Amino acid sequence: MMRKWKINWALIACLSIPLLGLAQSKAVLLKNVTLIDGTGSAGKPNVDLLISDGRIVSIGKRLKGNGAQEKDLSGKTVIPALICAHAHVGTLKGTTSSAENYTRENILRQLKKYQDYGVSSVLVMGTDRPLIFDGMRDSTVAGLLPGARLFSAGYGFNTPDPNPGSWMNLLLRPATPEDVPAMMEKLAAVKPSVVKIWVDDHGGGQKMKPEIYKAIIREAHKRNIRVAAHLFYVEDARALTEAGIDIIAHSIRDKEVDADLLSKMKAKKVVYIPTLSLDEYQFAYASSPDWINDAFFKASLEPGVFEMITNKAYGEKIKNSPDYPKNIAANKTALINLKKIFDAGIPVALGTDSGAFPVRTQGFTEHLEMELMVQAGLTPLQAITVSTRNAARALKTDGDYGTLEKGKKADLVILSANPEKDIKASRAIESVWKDGIEVSKGPLIK
C-alpha cells in the first residue's frame with residue numbers, strides 16, 4: 001500500500017547539518033585586508049583574518065595559516081555583511097505586491113538577491129504567511145538554505161479593515177483591547193522576533209487607538225516579545241515611547257524631535273529605524289535620480305519596474321500629486337531627526353522597508369539607505385556601524401553577527417574600494433561570504 005509523505009523542511013535542515021559542516025571544515029586565511037570590523041573603530045590596514053568552521057579564529061598581522069587556504073586581498077576592504085532590520089520578502093514580484101506571489105521559490109529568490117548585495121539577514125516586518133513557519137524560516141536562520149537569513153515578525157497588528165489588500169490580509173485587526181490577548185497568543189505560537197504594529201493614519205485614514213496599542217505592548221511584553229511601531233507623527237512617537245514601545249520602525253517625519261522626546265527615547269532604550277529610502281522613493285522618480293541608470297541599481301529591480309519608473313507619465317503623476325511637496329518636506333525632516341536622534345545616543349539600526357512595493361527594491365536600497373544616512377550628517381563609518389553591529393543588536397543576533405571579531409560568524413563582504421571616506425564604495429562588491437564560505441560575486445556577476 002502506497003503512503004503519502006509530507007515534506008518536513010525542518011527534518012531536511014537537520015539532516016543537512018553534517019554536509020554543511022564538511023563544507024566549512026576548510027580553513028581560510030584572508031591576508032592584507034583593510035578591516036572595518038563594524039564596532040565603530042576606524043579601518044585597520046594590512047590585517048589578516050583566519051576563518052575556520054564558519055567563524056573567525058584570529059585577527060592580526062602576519063598570521064600563519066597552518067594549512068589554511070590563503071587569499072591575498074591587498075588593496076581590498078572587508079566589512080561585516082549588512083543586516084536589514086525592516087524589510088518585506090515574498091509578496092513582491094514584477095510590478096505587483098500580493099499574497100499570490102508568496103511562494104517558496106519567490107522567497108528564496110529574494111533572499112538570494114539580498115545576499116548578492118551583501119545583506120546577510122533581514123527582519124520581515126509583519127507581512128509573512130504560514131508557509132515559512134514549518135521549518136523554512138528556521139532553516140534560513142541556521143544557514144541551511146541559500147541566501148540571507150530570514151527573521152520574522154509574523155503577522156502584524158493593524159486597524160480593522162473589511163477589505164485589506166491581499167498581501168496584508170493576514171494581519172491581526174483588534175476592534176477592542178479585549179480582542180488582543182487571543183490574537184497575541186496566536187501570533188506568539190509562530191515565535192516572532194518582534195511584534196509589528198501600524199500606528200499611522202496613512203495620510204488621513206483610521207489610526208490605531210491608544211488603548212489598543214497599549215494592550216498589544218502589554219500582551220507582547222508578558223511573553224517577552226518586543227514591539228516595533230510603524231508611525232509618522234512625533235506625538236505618536238512620544239505616546240508610544242511612554243507606553244513602552246521597543247522599536248520605532250520608521251522616521252518621525254511631521255516635525256523635528258524635541259529634547260523631551262529624545263530624553264524619553266534614550267531612557268527607555270528605544271531603537272530607531274529611520275527607513276530614509278522609503279521617503280526618497282516617494283518623490284525620486286519625479287525626475288531622474290543619479291543612480292537611475294546605475295547597473296548596481298538596475299540589477300536589483302524586478303522585471304518591468306525599470307520601464308515603469310522611467311515612463312514619463314509615471315514621473316509626471318508623482319510630480320503632480322498633492323502629496324509631492326509633503327513627501328519632500330517629510331524627507332528633509334527625517335534627515336534632521338536622524339542626526340538629532342543619533343547624536344542623542346539613541347541606538348539607530350539599518351532598515352529600509354525594501355520589498356514592500358516594486359519601487360522599494362531589495363538589496364540596492366540598503367546601500368542607498370547608508371548614503372542617505374551620510375547625507376543626514378553621519379560619517380560613513382557610523383553608517384556602516386548602524387548597518388552592521390546596531391542592526392544585529394536590533395535583531396538580538398549580535399552574539400554571532402554584525403561585527404568581525406574573534407569567535408563571531410564569518411559573514412562578510414569583500415570590497416574593491418574603501419567606504420570609510422566615500423560610503424558609495426560599499427557598492428564595489430567583489431564577493432560575499434556566509435559562514436566563512438564565498439557565496440556570491442555580487443549582483444553584477446551571475
# chains A, B, ... in the order shown; residues from 1 in each chain; ligands from 1

$ residues_around --residues "Lys44 (chain A)" --least-positions-apart "6" --cutoff "10 Å" --atoms "only C-alpha atoms" --output "list of chain:residue names"
A:Asn32, A:Val33, A:Thr34, A:Leu35, A:Ile36, A:Asp37, A:Gly60, A:Thr77, A:Val78

$ write_last_selection --atoms "all heavy atoms" --output "short mmCIF file (atom, residue, chain, number, x, y, z; two decimals), in the first residue's frame"
data_model
loop_
_atom_site.label_atom_id
_atom_site.label_comp_id
_atom_site.auth_asym_id
_atom_site.auth_seq_id
_atom_site.Cartn_x
_atom_site.Cartn_y
_atom_site.Cartn_z
N ASN A 32 46.11 40.65 4.35
CA ASN A 32 46.42 42.01 3.92
C ASN A 32 45.19 42.84 3.55
O ASN A 32 45.22 43.64 2.61
CB ASN A 32 47.39 41.98 2.73
CG ASN A 32 48.66 41.21 3.04
OD1 ASN A 32 49.26 41.39 4.10
ND2 ASN A 32 49.06 40.34 2.13
N VAL A 33 44.12 42.67 4.30
CA VAL A 33 42.92 43.45 4.03
C VAL A 33 42.93 44.73 4.87
O VAL A 33 43.63 44.83 5.88
CB VAL A 33 41.64 42.65 4.37
CG1 VAL A 33 41.62 41.32 3.67
CG2 VAL A 33 41.46 42.47 5.88
N THR A 34 42.14 45.72 4.44
CA THR A 34 41.76 46.81 5.33
C THR A 34 40.47 46.38 5.99
O THR A 34 39.47 46.14 5.31
CB THR A 34 41.55 48.12 4.55
OG1 THR A 34 42.80 48.52 3.99
CG2 THR A 34 41.03 49.21 5.47
N LEU A 35 40.50 46.23 7.30
CA LEU A 35 39.36 45.67 8.03
C LEU A 35 38.54 46.78 8.69
O LEU A 35 39.05 47.50 9.56
CB LEU A 35 39.85 44.68 9.09
CG LEU A 35 38.75 44.10 10.00
CD1 LEU A 35 37.78 43.25 9.20
CD2 LEU A 35 39.37 43.28 11.13
N ILE A 36 37.30 46.91 8.29
CA ILE A 36 36.31 47.71 9.01
C ILE A 36 35.42 46.72 9.73
O ILE A 36 34.62 46.01 9.12
CB ILE A 36 35.49 48.60 8.05
CG1 ILE A 36 36.42 49.57 7.33
CG2 ILE A 36 34.40 49.35 8.80
CD1 ILE A 36 35.74 50.42 6.26
N ASP A 37 35.58 46.61 11.06
CA ASP A 37 35.01 45.47 11.77
C ASP A 37 33.58 45.67 12.26
O ASP A 37 32.98 44.75 12.82
CB ASP A 37 35.91 45.05 12.94
CG ASP A 37 36.10 46.15 13.99
OD1 ASP A 37 35.33 47.12 14.00
OD2 ASP A 37 37.04 46.02 14.80
N GLY A 60 44.82 39.52 13.02
CA GLY A 60 46.11 40.11 13.35
C GLY A 60 46.96 40.31 12.12
O GLY A 60 46.48 40.18 10.99
N THR A 77 39.03 45.93 0.90
CA THR A 77 38.46 46.26 2.21
C THR A 77 37.41 45.22 2.56
O THR A 77 36.63 44.80 1.70
CB THR A 77 37.82 47.66 2.19
OG1 THR A 77 38.83 48.63 1.88
CG2 THR A 77 37.19 48.00 3.53
N VAL A 78 37.42 44.81 3.81
CA VAL A 78 36.44 43.83 4.30
C VAL A 78 35.55 44.49 5.35
O VAL A 78 36.05 45.15 6.28
CB VAL A 78 37.13 42.59 4.91
CG1 VAL A 78 36.12 41.68 5.61
CG2 VAL A 78 37.87 41.81 3.82
#

$ residues_around --residues "region 91-104 of chain A" --least-positions-apart "4" --cutoff "7 Å" --atoms "only C-alpha atoms" --output "PDB file with all heavy atoms, in the first residue's frame"
ATOM      1  N   LEU A 108      12.976  32.402  -1.651  1.00  0.00           N
ATOM      2  CA  LEU A 108      14.394  32.047  -1.761  1.00  0.00           C
ATOM      3  C   LEU A 108      15.092  32.897  -2.816  1.00  0.00           C
ATOM      4  O   LEU A 108      16.264  33.277  -2.647  1.00  0.00           O
ATOM      5  CB  LEU A 108      14.541  30.559  -2.087  1.00  0.00           C
ATOM      6  CG  LEU A 108      14.142  29.597  -0.956  1.00  0.00           C
ATOM      7  CD1 LEU A 108      14.255  28.155  -1.422  1.00  0.00           C
ATOM      8  CD2 LEU A 108      14.995  29.816   0.283  1.00  0.00           C
ATOM      9  N   SER A 166      -4.497  42.046  -0.484  1.00  0.00           N
ATOM     10  CA  SER A 166      -4.261  40.606  -0.320  1.00  0.00           C
ATOM     11  C   SER A 166      -2.980  40.303   0.432  1.00  0.00           C
ATOM     12  O   SER A 166      -2.921  39.348   1.206  1.00  0.00           O
ATOM     13  CB  SER A 166      -4.226  39.921  -1.687  1.00  0.00           C
ATOM     14  OG  SER A 166      -3.035  40.230  -2.389  1.00  0.00           O
ATOM     15  N   TRP A 167      -1.937  41.126   0.248  1.00  0.00           N
ATOM     16  CA  TRP A 167      -0.669  40.820   0.907  1.00  0.00           C
ATOM     17  C   TRP A 167      -0.697  41.174   2.387  1.00  0.00           C
ATOM     18  O   TRP A 167       0.200  40.821   3.136  1.00  0.00           O
ATOM     19  CB  TRP A 167       0.501  41.510   0.198  1.00  0.00           C
ATOM     20  CG  TRP A 167       0.589  42.988   0.359  1.00  0.00           C
ATOM     21  CD1 TRP A 167      -0.312  43.904  -0.082  1.00  0.00           C
ATOM     22  CD2 TRP A 167       1.630  43.719   0.991  1.00  0.00           C
ATOM     23  NE1 TRP A 167       0.111  45.176   0.235  1.00  0.00           N
ATOM     24  CE2 TRP A 167       1.311  45.094   0.889  1.00  0.00           C
ATOM     25  CE3 TRP A 167       2.818  43.364   1.626  1.00  0.00           C
ATOM     26  CZ2 TRP A 167       2.108  46.103   1.400  1.00  0.00           C
ATOM     27  CZ3 TRP A 167       3.617  44.377   2.138  1.00  0.00           C
ATOM     28  CH2 TRP A 167       3.277  45.717   2.024  1.00  0.00           C
ATOM     29  N   GLU A 302      12.863  44.232 -10.064  1.00  0.00           N
ATOM     30  CA  GLU A 302      12.011  43.180 -10.598  1.00  0.00           C
ATOM     31  C   GLU A 302      11.721  43.469 -12.079  1.00  0.00           C
ATOM     32  O   GLU A 302      11.760  44.632 -12.519  1.00  0.00           O
ATOM     33  CB  GLU A 302      10.690  43.147  -9.819  1.00  0.00           C
ATOM     34  CG  GLU A 302      10.819  42.648  -8.395  1.00  0.00           C
ATOM     35  CD  GLU A 302      11.017  41.138  -8.324  1.00  0.00           C
ATOM     36  OE1 GLU A 302      10.176  40.400  -8.866  1.00  0.00           O
ATOM     37  OE2 GLU A 302      12.018  40.696  -7.730  1.00  0.00           O
ATOM     38  N   PRO A 303      11.412  42.428 -12.863  1.00  0.00           N
ATOM     39  CA  PRO A 303      11.099  42.647 -14.278  1.00  0.00           C
ATOM     40  C   PRO A 303       9.957  43.649 -14.463  1.00  0.00           C
ATOM     41  O   PRO A 303       8.938  43.580 -13.783  1.00  0.00           O
ATOM     42  CB  PRO A 303      10.680  41.249 -14.763  1.00  0.00           C
ATOM     43  CG  PRO A 303      11.383  40.305 -13.836  1.00  0.00           C
ATOM     44  CD  PRO A 303      11.396  40.997 -12.506  1.00  0.00           C
ATOM     45  N   GLY A 304      10.162  44.594 -15.354  1.00  0.00           N
ATOM     46  CA  GLY A 304       9.131  45.566 -15.680  1.00  0.00           C
ATOM     47  C   GLY A 304       9.180  46.844 -14.867  1.00  0.00           C
ATOM     48  O   GLY A 304       8.546  47.841 -15.239  1.00  0.00           O
ATOM     49  N   VAL A 305       9.929  46.846 -13.774  1.00  0.00           N
ATOM     50  CA  VAL A 305       9.918  48.018 -12.890  1.00  0.00           C
ATOM     51  C   VAL A 305      10.707  49.173 -13.499  1.00  0.00           C
ATOM     52  O   VAL A 305      10.290  50.336 -13.397  1.00  0.00           O
ATOM     53  CB  VAL A 305      10.447  47.653 -11.487  1.00  0.00           C
ATOM     54  CG1 VAL A 305      10.543  48.895 -10.605  1.00  0.00           C
ATOM     55  CG2 VAL A 305       9.541  46.625 -10.835  1.00  0.00           C
ATOM     56  N   GLY A 355      11.215  45.786  -0.481  1.00  0.00           N
ATOM     57  CA  GLY A 355      10.396  44.616  -0.792  1.00  0.00           C
ATOM     58  C   GLY A 355       8.918  44.783  -0.553  1.00  0.00           C
ATOM     59  O   GLY A 355       8.135  43.896  -0.881  1.00  0.00           O
ATOM     60  N   ALA A 356       8.511  45.926   0.022  1.00  0.00           N
ATOM     61  CA  ALA A 356       7.079  46.128   0.254  1.00  0.00           C
ATOM     62  C   ALA A 356       6.368  46.444  -1.052  1.00  0.00           C
ATOM     63  O   ALA A 356       5.256  45.957  -1.297  1.00  0.00           O
ATOM     64  CB  ALA A 356       6.863  47.260   1.258  1.00  0.00           C
ATOM     65  N   PHE A 357       6.989  47.269  -1.878  1.00  0.00           N
ATOM     66  CA  PHE A 357       6.421  47.670  -3.159  1.00  0.00           C
ATOM     67  C   PHE A 357       7.523  47.655  -4.215  1.00  0.00           C
ATOM     68  O   PHE A 357       8.713  47.710  -3.883  1.00  0.00           O
ATOM     69  CB  PHE A 357       5.791  49.063  -3.053  1.00  0.00           C
ATOM     70  CG  PHE A 357       4.618  49.117  -2.113  1.00  0.00           C
ATOM     71  CD1 PHE A 357       4.758  49.695  -0.853  1.00  0.00           C
ATOM     72  CD2 PHE A 357       3.392  48.581  -2.468  1.00  0.00           C
ATOM     73  CE1 PHE A 357       3.696  49.737   0.024  1.00  0.00           C
ATOM     74  CE2 PHE A 357       2.318  48.617  -1.593  1.00  0.00           C
ATOM     75  CZ  PHE A 357       2.459  49.197  -0.348  1.00  0.00           C
ATOM     76  N   PRO A 358       7.165  47.580  -5.500  1.00  0.00           N
ATOM     77  CA  PRO A 358       8.179  47.433  -6.547  1.00  0.00           C
ATOM     78  C   PRO A 358       9.254  48.508  -6.558  1.00  0.00           C
ATOM     79  O   PRO A 358      10.407  48.229  -6.917  1.00  0.00           O
ATOM     80  CB  PRO A 358       7.344  47.470  -7.834  1.00  0.00           C
ATOM     81  CG  PRO A 358       6.007  46.952  -7.437  1.00  0.00           C
ATOM     82  CD  PRO A 358       5.789  47.458  -6.041  1.00  0.00           C
TER      83      PRO A 358
END

$ select_by_dssp --residues "region 157-382 of chain A" --states "helix (DSSP H, G or I)" --output "PyMOL selection string"
chain A and resi 166-168+177-188+210-222+234-243+259-268+276-286+295-298+305-309+312-320+324-343+364-376+380-382

$ write_last_selection --atoms "C-alpha atoms" --output "mmCIF file, in the first residue's frame"
data_model
loop_
_atom_site.group_PDB
_atom_site.id
_atom_site.type_symbol
_atom_site.label_atom_id
_atom_site.label_comp_id
_atom_site.auth_asym_id
_atom_site.auth_seq_id
_atom_site.Cartn_x
_atom_site.Cartn_y
_atom_site.Cartn_z
ATOM 1 C CA SER A 166 -4.261 40.606 -0.320
ATOM 2 C CA TRP A 167 -0.669 40.820 0.907
ATOM 3 C CA MET A 168 -1.899 42.245 4.233
ATOM 4 C CA PRO A 177 -8.417 45.881 23.728
ATOM 5 C CA GLU A 178 -10.251 42.719 24.785
ATOM 6 C CA ASP A 179 -9.531 41.196 21.360
ATOM 7 C CA VAL A 180 -5.781 41.467 21.822
ATOM 8 C CA PRO A 181 -4.831 38.590 24.194
ATOM 9 C CA ALA A 182 -6.208 35.826 21.966
ATOM 10 C CA MET A 183 -4.644 37.384 18.877
ATOM 11 C CA MET A 184 -1.312 37.734 20.639
ATOM 12 C CA GLU A 185 -1.466 34.087 21.671
ATOM 13 C CA LYS A 186 -1.962 33.132 18.017
ATOM 14 C CA LEU A 187 0.996 35.274 16.984
ATOM 15 C CA ALA A 188 3.247 34.038 19.790
ATOM 16 C CA PRO A 210 -4.027 54.154 22.166
ATOM 17 C CA GLU A 211 -5.962 51.688 24.333
ATOM 18 C CA ILE A 212 -5.420 49.022 21.665
ATOM 19 C CA TYR A 213 -1.704 49.572 21.101
ATOM 20 C CA LYS A 214 -1.175 49.721 24.859
ATOM 21 C CA ALA A 215 -2.873 46.322 25.140
ATOM 22 C CA ILE A 216 -0.664 44.959 22.343
ATOM 23 C CA ILE A 217 2.509 46.201 24.030
ATOM 24 C CA ARG A 218 1.356 44.822 27.385
ATOM 25 C CA GLU A 219 0.482 41.374 25.997
ATOM 26 C CA ALA A 220 3.678 41.158 23.937
ATOM 27 C CA HIS A 221 5.842 42.063 26.905
ATOM 28 C CA LYS A 222 4.112 39.410 29.016
ATOM 29 C CA VAL A 234 6.107 62.991 16.556
ATOM 30 C CA GLU A 235 3.233 62.877 19.056
ATOM 31 C CA ASP A 236 2.580 59.226 18.244
ATOM 32 C CA ALA A 237 6.276 58.546 18.850
ATOM 33 C CA ARG A 238 6.024 60.293 22.213
ATOM 34 C CA ALA A 239 2.887 58.419 23.289
ATOM 35 C CA LEU A 240 4.266 55.067 22.120
ATOM 36 C CA THR A 241 7.558 55.656 23.919
ATOM 37 C CA GLU A 242 5.660 56.387 27.123
ATOM 38 C CA ALA A 243 3.592 53.214 26.528
ATOM 39 C CA ALA A 259 14.564 67.398 23.875
ATOM 40 C CA ASP A 260 11.728 65.807 25.873
ATOM 41 C CA LEU A 261 11.188 63.031 23.338
ATOM 42 C CA LEU A 262 14.910 62.448 22.896
ATOM 43 C CA SER A 263 15.309 62.106 26.638
ATOM 44 C CA LYS A 264 12.414 59.648 26.905
ATOM 45 C CA MET A 265 13.575 57.528 23.964
ATOM 46 C CA LYS A 266 17.075 57.291 25.399
ATOM 47 C CA ALA A 267 15.828 56.443 28.899
ATOM 48 C CA LYS A 268 13.530 53.728 27.511
ATOM 49 C CA LEU A 276 15.083 57.157 4.894
ATOM 50 C CA SER A 277 14.987 55.480 1.491
ATOM 51 C CA LEU A 278 11.227 54.947 1.794
ATOM 52 C CA ASP A 279 10.756 58.716 1.734
ATOM 53 C CA GLU A 280 13.325 59.143 -1.041
ATOM 54 C CA TYR A 281 11.380 56.741 -3.255
ATOM 55 C CA GLN A 282 8.169 58.711 -2.654
ATOM 56 C CA PHE A 283 9.406 61.522 -4.885
ATOM 57 C CA ALA A 284 12.688 60.449 -6.517
ATOM 58 C CA TYR A 285 11.140 59.229 -9.761
ATOM 59 C CA ALA A 286 9.530 62.596 -10.460
ATOM 60 C CA ALA A 295 23.895 48.855 -13.207
ATOM 61 C CA PHE A 296 24.091 48.194 -9.455
ATOM 62 C CA PHE A 297 20.585 49.663 -9.100
ATOM 63 C CA LYS A 298 19.105 48.130 -12.242
ATOM 64 C CA VAL A 305 9.918 48.018 -12.890
ATOM 65 C CA PHE A 306 12.612 49.959 -14.741
ATOM 66 C CA GLU A 307 10.226 50.563 -17.622
ATOM 67 C CA MET A 308 7.563 51.663 -15.152
ATOM 68 C CA ILE A 309 9.674 54.170 -13.221
ATOM 69 C CA LYS A 312 7.434 59.984 -18.422
ATOM 70 C CA ALA A 313 3.784 59.685 -17.377
ATOM 71 C CA TYR A 314 4.837 57.924 -14.157
ATOM 72 C CA GLY A 315 7.147 60.794 -13.208
ATOM 73 C CA GLU A 316 4.538 63.413 -14.085
ATOM 74 C CA LYS A 317 1.952 61.650 -11.904
ATOM 75 C CA ILE A 318 4.301 61.837 -8.924
ATOM 76 C CA LYS A 319 5.180 65.479 -9.541
ATOM 77 C CA ASN A 320 1.526 66.482 -9.926
ATOM 78 C CA TYR A 324 4.582 65.624 -3.655
ATOM 79 C CA PRO A 325 5.585 68.699 -1.587
ATOM 80 C CA LYS A 326 4.575 66.920 1.629
ATOM 81 C CA ASN A 327 6.806 63.954 0.785
ATOM 82 C CA ILE A 328 9.795 66.204 0.035
ATOM 83 C CA ALA A 329 9.270 68.046 3.323
ATOM 84 C CA ALA A 330 8.910 64.750 5.212
ATOM 85 C CA ASN A 331 12.190 63.543 3.763
ATOM 86 C CA LYS A 332 14.019 66.674 4.957
ATOM 87 C CA THR A 333 12.533 66.336 8.440
ATOM 88 C CA ALA A 334 13.514 62.653 8.548
ATOM 89 C CA LEU A 335 17.142 63.534 7.797
ATOM 90 C CA ILE A 336 17.207 66.196 10.526
ATOM 91 C CA ASN A 337 15.617 63.865 13.059
ATOM 92 C CA LEU A 338 18.013 61.025 12.336
ATOM 93 C CA LYS A 339 21.002 63.239 13.138
ATOM 94 C CA LYS A 340 19.369 64.536 16.336
ATOM 95 C CA ILE A 341 18.453 61.029 17.467
ATOM 96 C CA PHE A 342 21.875 59.598 16.649
ATOM 97 C CA ASP A 343 23.684 62.443 18.403
ATOM 98 C CA PHE A 364 20.300 48.241 -3.638
ATOM 99 C CA THR A 365 18.056 50.066 -1.171
ATOM 100 C CA GLU A 366 20.196 49.027 1.793
ATOM 101 C CA HIS A 367 23.201 50.748 0.181
ATOM 102 C CA LEU A 368 21.116 53.793 -0.725
ATOM 103 C CA GLU A 369 19.988 53.959 2.910
ATOM 104 C CA MET A 370 23.596 54.239 4.067
ATOM 105 C CA GLU A 371 24.198 57.020 1.546
ATOM 106 C CA LEU A 372 21.169 58.879 2.922
ATOM 107 C CA MET A 373 22.444 58.422 6.487
ATOM 108 C CA VAL A 374 25.627 60.183 5.427
ATOM 109 C CA GLN A 375 23.554 62.934 3.820
ATOM 110 C CA ALA A 376 21.846 63.306 7.207
ATOM 111 C CA PRO A 380 30.455 56.728 6.559
ATOM 112 C CA LEU A 381 31.948 54.728 9.432
ATOM 113 C CA GLN A 382 28.915 55.498 11.604
#

$ atom_distance --atom1 "CA of Asp48 (chain A)" --atom2 "CA of Val439 (chain A)"
20.1 Å

$ closest_residue --among "A:Val194, A:Gly407, A:Val57, A:Ile132" --to "Glu105 (chain A)" --atoms "only C-alpha atoms"
A:Ile132

$ select_by_dssp --residues "region 73-319 of chain A" --states "strand (DSSP E or B)" --output "ChimeraX atom specification"
/A:77-80,82-87,92-93,96-97,119-124,127,149-152,155,157,172,194-198,226-230,247-248,271-272

$ residues_around --residues "Ile225 (chain A)" --least-positions-apart "6" --cutoff "8 Å" --atoms "only C-alpha atoms" --output "number ranges by chain"
A: 192-195

$ closest_residue --among "A:Leu415, A:Leu350, A:Ile445, A:Met208" --to "Thr385 (chain A)" --atoms "only C-alpha atoms"
A:Leu350

$ atom_distance --atom1 "CA of Val141 (chain A)" --atom2 "CA of Lys409 (chain A)"
12.5 Å

$ closest_atom_pairs --of "region 333-440 of chain A" --to "region 150-160 of chain A" --cutoff "12 Å" --atoms "only C-alpha atoms" --output "JSON lines"
{"residue": "A:Ala392", "atom": "CA", "partner": "A:Phe151", "partner_atom": "CA", "distance": 11.3}
{"residue": "A:Ala394", "atom": "CA", "partner": "A:Phe151", "partner_atom": "CA", "distance": 11.4}
{"residue": "A:Leu395", "atom": "CA", "partner": "A:Phe151", "partner_atom": "CA", "distance": 8.1}
{"residue": "A:Lys396", "atom": "CA", "partner": "A:Phe151", "partner_atom": "CA", "distance": 10.6}
{"residue": "A:Thr397", "atom": "CA", "partner": "A:Phe151", "partner_atom": "CA", "distance": 10.2}

$ atom_distance --atom1 "CA of Val47 (chain A)" --atom2 "CA of Ser416 (chain A)"
15.4 Å

$ closest_residue --among "A:Lys434, A:Arg62, A:Lys31, A:Lys113" --to "Gly75 (chain A)" --atoms "only C-alpha atoms"
A:Lys31

$ closest_atom_pairs --of "region 114-133 of chain A" --to "region 426-432 of chain A" --cutoff "8 Å" --atoms "only C-alpha atoms" --output "JSON lines"
{"residue": "A:Gln115", "atom": "CA", "partner": "A:Val432", "partner_atom": "CA", "distance": 7.3}
{"residue": "A:Asp116", "atom": "CA", "partner": "A:Val432", "partner_atom": "CA", "distance": 6.9}
{"residue": "A:Tyr117", "atom": "CA", "partner": "A:Ile429", "partner_atom": "CA", "distance": 7.6}
{"residue": "A:Gly118", "atom": "CA", "partner": "A:Val432", "partner_atom": "CA", "distance": 5.8}

$ closest_residue --among "A:Lys406, A:Ala68, A:Lys196, A:Ala81" --to "Gly38 (chain A)" --atoms "only C-alpha atoms"
A:Ala81
